[in-house]
Amino acid sequence: MTKKLLLALLMGASAIAYSQEKEPTNPEATEIYEPVPPRVTPGLNGAPPSDAIVLFDGKNFDHWISAVDSTEVKWHLNKDGSMTVKDKTGNIQTKQNFGSVQLHLEWKSPKEVQRSGQNRANSGVFLQKRYELQVLDNNDNPTYVNGQVGAMYKQGVPLAMASSPTGEWNSYDIIYHAPEFSRGGNIVKPATVTLLHNGVLIQDHFEIEGTIEYIGWPTYEVHGKAPLMLQDHNDNSRVSFRNIWVRELD
Ligand code: MG
């Protein structure tokens, strides 16, 4: 009896099955050739990769509607290819519903500083219209750390604060895996999020605890695919966004 088989016997049936596989005798025996991953042409200088859905390229709001009443977006469309929150017109959301995604977007706070704490250039990126990654001008502007820039709001404290100077563009690259629910409506697999802020890892596969609550604790509600949403914080935040694209992961 080989040492490996003896170990397998100790570890149980599945290990036995593994141990009985033929020992590789050449390098090819452990190489996989199919299926071949699809070819994706990468975007250069921030451009979207070839298989991305471009949600905003500065030309129009064709992929977006008001999250308040599903009418057309009332935010500002700027000549430089960006959009800016128009105060008190409400959040905007994608027309399309999404599950798990890779999402890229860029945002900036206004150069002229107004107010402090949560009321300085507050916006947010809501995944599946429920889970908010905070957007905030945090430069020389402390606030509660689970509500600072890059936080999963009131749940996930970011690993670092990686903001560009006030008034300059930031990038968010997000990997989001949607939650899974049982038929009975119980959470089987919580949602997770990874966030690179200006290329710096600040959320590392964070397990989301449920729908964002301003007051109270998060809990999960059963849902399927849902829109991506950008926040109008209703205090003249004047946050701008540009270059938004997404790759579906399911
Ligand atoms: Mg916010």
# chains A, B, ... in the order shown; residues from 1 in each chain; ligands from 1
$ residues_near_ligand --ligand "ligand 1" --cutoff "7 Å" --atoms "only C-alpha atoms and all ligand atoms" --output "list in words"
Asn122, Ser123, Gly124, Gln134, Val135, Leu136, Gln231 and His233 of chain A
$ write_last_selection --atoms "N, CA and C atoms" --output "mmCIF file, in the first residue's frame"
data_model
loop_
_atom_site.group_PDB
_atom_site.id
_atom_site.type_symbol
_atom_site.label_atom_id
_atom_site.label_comp_id
_atom_site.auth_asym_id
_atom_site.auth_seq_id
_atom_site.Cartn_x
_atom_site.Cartn_y
_atom_site.Cartn_z
ATOM 1 N N ASN A 122 -21.471 63.933 -1.634
ATOM 2 C CA ASN A 122 -21.931 62.570 -1.356
ATOM 3 C C ASN A 122 -22.734 62.063 -2.549
ATOM 4 N N SER A 123 -22.316 60.929 -3.064
ATOM 5 C CA SER A 123 -23.128 60.195 -4.033
ATOM 6 C C SER A 123 -22.923 58.710 -3.707
ATOM 7 N N GLY A 124 -23.155 57.853 -4.653
ATOM 8 C CA GLY A 124 -22.962 56.438 -4.368
ATOM 9 C C GLY A 124 -23.314 55.593 -5.567
ATOM 10 N N GLN A 134 -19.942 53.800 -1.273
ATOM 11 C CA GLN A 134 -20.012 55.234 -1.023
ATOM 12 C C GLN A 134 -19.098 56.020 -1.957
ATOM 13 N N VAL A 135 -19.610 57.153 -2.410
ATOM 14 C CA VAL A 135 -18.828 58.175 -3.111
ATOM 15 C C VAL A 135 -18.899 59.423 -2.242
ATOM 16 N N LEU A 136 -17.739 59.984 -1.896
ATOM 17 C CA LEU A 136 -17.698 61.121 -0.978
ATOM 18 C C LEU A 136 -16.375 61.852 -1.153
ATOM 19 N N GLN A 231 -26.476 57.836 -7.047
ATOM 20 C CA GLN A 231 -27.226 58.564 -6.027
ATOM 21 C C GLN A 231 -27.207 60.084 -6.204
ATOM 22 N N HIS A 233 -27.822 62.759 -3.566
ATOM 23 C CA HIS A 233 -27.926 62.801 -2.104
ATOM 24 C C HIS A 233 -28.778 63.977 -1.617
#
$ residues_around --residues "A:Lys129" --least-positions-apart "2" --cutoff "10 Å" --atoms "only C-alpha atoms" --output "PyMOL selection string"
chain A and resi 67+92-94+97-98+125-127+131-132+211-212+225-230
$ residues_around --residues "A:Thr219" --least-positions-apart "2" --cutoff "7 Å" --atoms "only C-alpha atoms" --output "list in words"
Glu209, Gly210, Thr211, Trp217 and Glu221 of chain A
$ select_by_dssp --residues "stretch 48-169 of chain A" --states "helix (DSSP H, G or I)" --output "PyMOL selection string"
chain A and resi 117-119+145-147
$ write_last_selection --atoms "C-alpha atoms" --output "PDB file, in the first residue's frame"
ATOM      1  CA  GLY A 117     -18.804  65.160   6.656  1.00  0.00           C
ATOM      2  CA  GLN A 118     -21.481  63.211   4.801  1.00  0.00           C
ATOM      3  CA  ASN A 119     -22.690  66.394   3.115  1.00  0.00           C
ATOM      4  CA  VAL A 145     -15.270  55.145   8.625  1.00  0.00           C
ATOM      5  CA  ASN A 146     -17.987  52.737   7.546  1.00  0.00           C
ATOM      6  CA  GLY A 147     -19.497  55.667   5.652  1.00  0.00           C
TER       7      GLY A 147
END
$ residues_around --residues "A:Asp80" --least-positions-apart "3" --cutoff "10 Å" --atoms "only C-alpha atoms" --output "PyMOL selection string"
chain A and resi 58-59+77+83+242
$ closest_residue --among "A:Arg183, A:Lys86, A:Arg238, A:Lys95" --to "A:Trp64" --atoms "only C-alpha atoms"
A:Lys95
$ closest_atom_pairs --of "stretch 55-100 of chain A" --to "stretch 105-116 of chain A" --cutoff "12 Å" --atoms "only C-alpha atoms" --output "tab-separated table"
residue	atom	partner	partner_atom	distance
A:Leu55	CA	A:Leu105	CA	9.5
A:Phe56	CA	A:Leu105	CA	8.9
A:Asp57	CA	A:Leu105	CA	10.3
A:Gly58	CA	A:Glu106	CA	11.7
A:Gly81	CA	A:Glu106	CA	11.3
A:Ser82	CA	A:Trp107	CA	8.8
A:Met83	CA	A:Trp107	CA	9.3
A:Thr84	CA	A:Lys108	CA	9.3
A:Val85	CA	A:Ser109	CA	10.4
$ residues_around --residues "stretch 39-51 of chain A" --least-positions-apart "2" --cutoff "10 Å" --atoms "only C-alpha atoms" --output "list of chain:residue names"
A:Val36, A:Pro37, A:Ile53, A:Val54, A:Asp57, A:His104, A:Leu105, A:Glu106, A:Ser171, A:Asn243, A:Ile244, A:Trp245, A:Val246, A:Arg247, A:Glu248
$ write_last_selection --atoms "N, CA and C atoms" --output "short mmCIF file (atom, residue, chain, number, x, y, z; two decimals), in the first residue's frame"
data_model
loop_
_atom_site.label_atom_id
_atom_site.label_comp_id
_atom_site.auth_asym_id
_atom_site.auth_seq_id
_atom_site.Cartn_x
_atom_site.Cartn_y
_atom_site.Cartn_z
N VAL A 36 -11.89 26.64 -24.49
CA VAL A 36 -10.96 27.76 -24.62
C VAL A 36 -11.66 29.05 -24.17
N PRO A 37 -11.08 29.83 -23.27
CA PRO A 37 -11.70 31.09 -22.85
C PRO A 37 -11.92 32.03 -24.03
N ILE A 53 -20.68 46.21 -21.90
CA ILE A 53 -21.85 47.02 -22.22
C ILE A 53 -21.52 48.44 -21.77
N VAL A 54 -21.49 49.37 -22.72
CA VAL A 54 -21.16 50.76 -22.37
C VAL A 54 -22.44 51.43 -21.88
N ASP A 57 -21.15 56.94 -22.18
CA ASP A 57 -19.92 57.38 -22.87
C ASP A 57 -19.92 58.89 -23.08
N HIS A 104 -17.00 49.32 -14.22
CA HIS A 104 -16.01 50.41 -14.18
C HIS A 104 -16.75 51.73 -14.27
N LEU A 105 -16.33 52.68 -13.46
CA LEU A 105 -16.84 54.04 -13.62
C LEU A 105 -15.82 55.02 -13.05
N GLU A 106 -15.98 56.26 -13.45
CA GLU A 106 -15.12 57.33 -12.92
C GLU A 106 -16.00 58.41 -12.34
N SER A 171 -11.26 56.61 -10.21
CA SER A 171 -11.85 55.44 -10.85
C SER A 171 -12.28 54.43 -9.79
N ASN A 243 -17.49 57.63 -18.24
CA ASN A 243 -16.89 56.35 -18.66
C ASN A 243 -17.38 55.17 -17.81
N ILE A 244 -18.65 54.86 -17.97
CA ILE A 244 -19.26 53.77 -17.19
C ILE A 244 -19.50 52.57 -18.10
N TRP A 245 -18.90 51.46 -17.75
CA TRP A 245 -19.14 50.23 -18.52
C TRP A 245 -19.20 49.03 -17.59
N VAL A 246 -19.83 47.99 -18.10
CA VAL A 246 -20.07 46.82 -17.26
C VAL A 246 -19.87 45.54 -18.08
N ARG A 247 -19.38 44.51 -17.42
CA ARG A 247 -19.32 43.17 -18.02
C ARG A 247 -20.13 42.23 -17.14
N GLU A 248 -21.06 41.54 -17.75
CA GLU A 248 -21.90 40.62 -16.99
C GLU A 248 -21.10 39.36 -16.65
#
$ closest_residue --among "A:Val68, A:Ala160, A:Val222, A:Val239" --to "A:Ala178" --atoms "only C-alpha atoms"
A:Val222
$ closest_residue --among "A:Leu195, A:Ala162, A:Ile175, A:Ile208" --to "A:Gly99" --atoms "only C-alpha atoms"
A:Ile175
$ residues_around --residues "A:Glu213" --least-positions-apart "5" --cutoff "9 Å" --atoms "only C-alpha atoms" --output "PyMOL selection string"
chain A and resi 153-154+218-219
$ write_last_selection --atoms "C-alpha atoms" --output "CSV table (one decimal), in the first residue's frame"
chain,number,residue,atom,x,y,z
A,153,TYR,CA,-22.2,52.0,3.4
A,154,LYS,CA,-22.5,51.3,7.1
A,218,PRO,CA,-29.0,45.4,7.2
A,219,THR,CA,-31.1,42.3,6.3
$ atom_distance --atom1 "atom CA of A:Asp137" --atom2 "atom CA of A:Asn91"
18.4 Å
$ closest_residue --among "A:Leu103, A:Thr143, A:His63, A:Ser240" --to "A:Glu168" --atoms "only C-alpha atoms"
A:Ser240
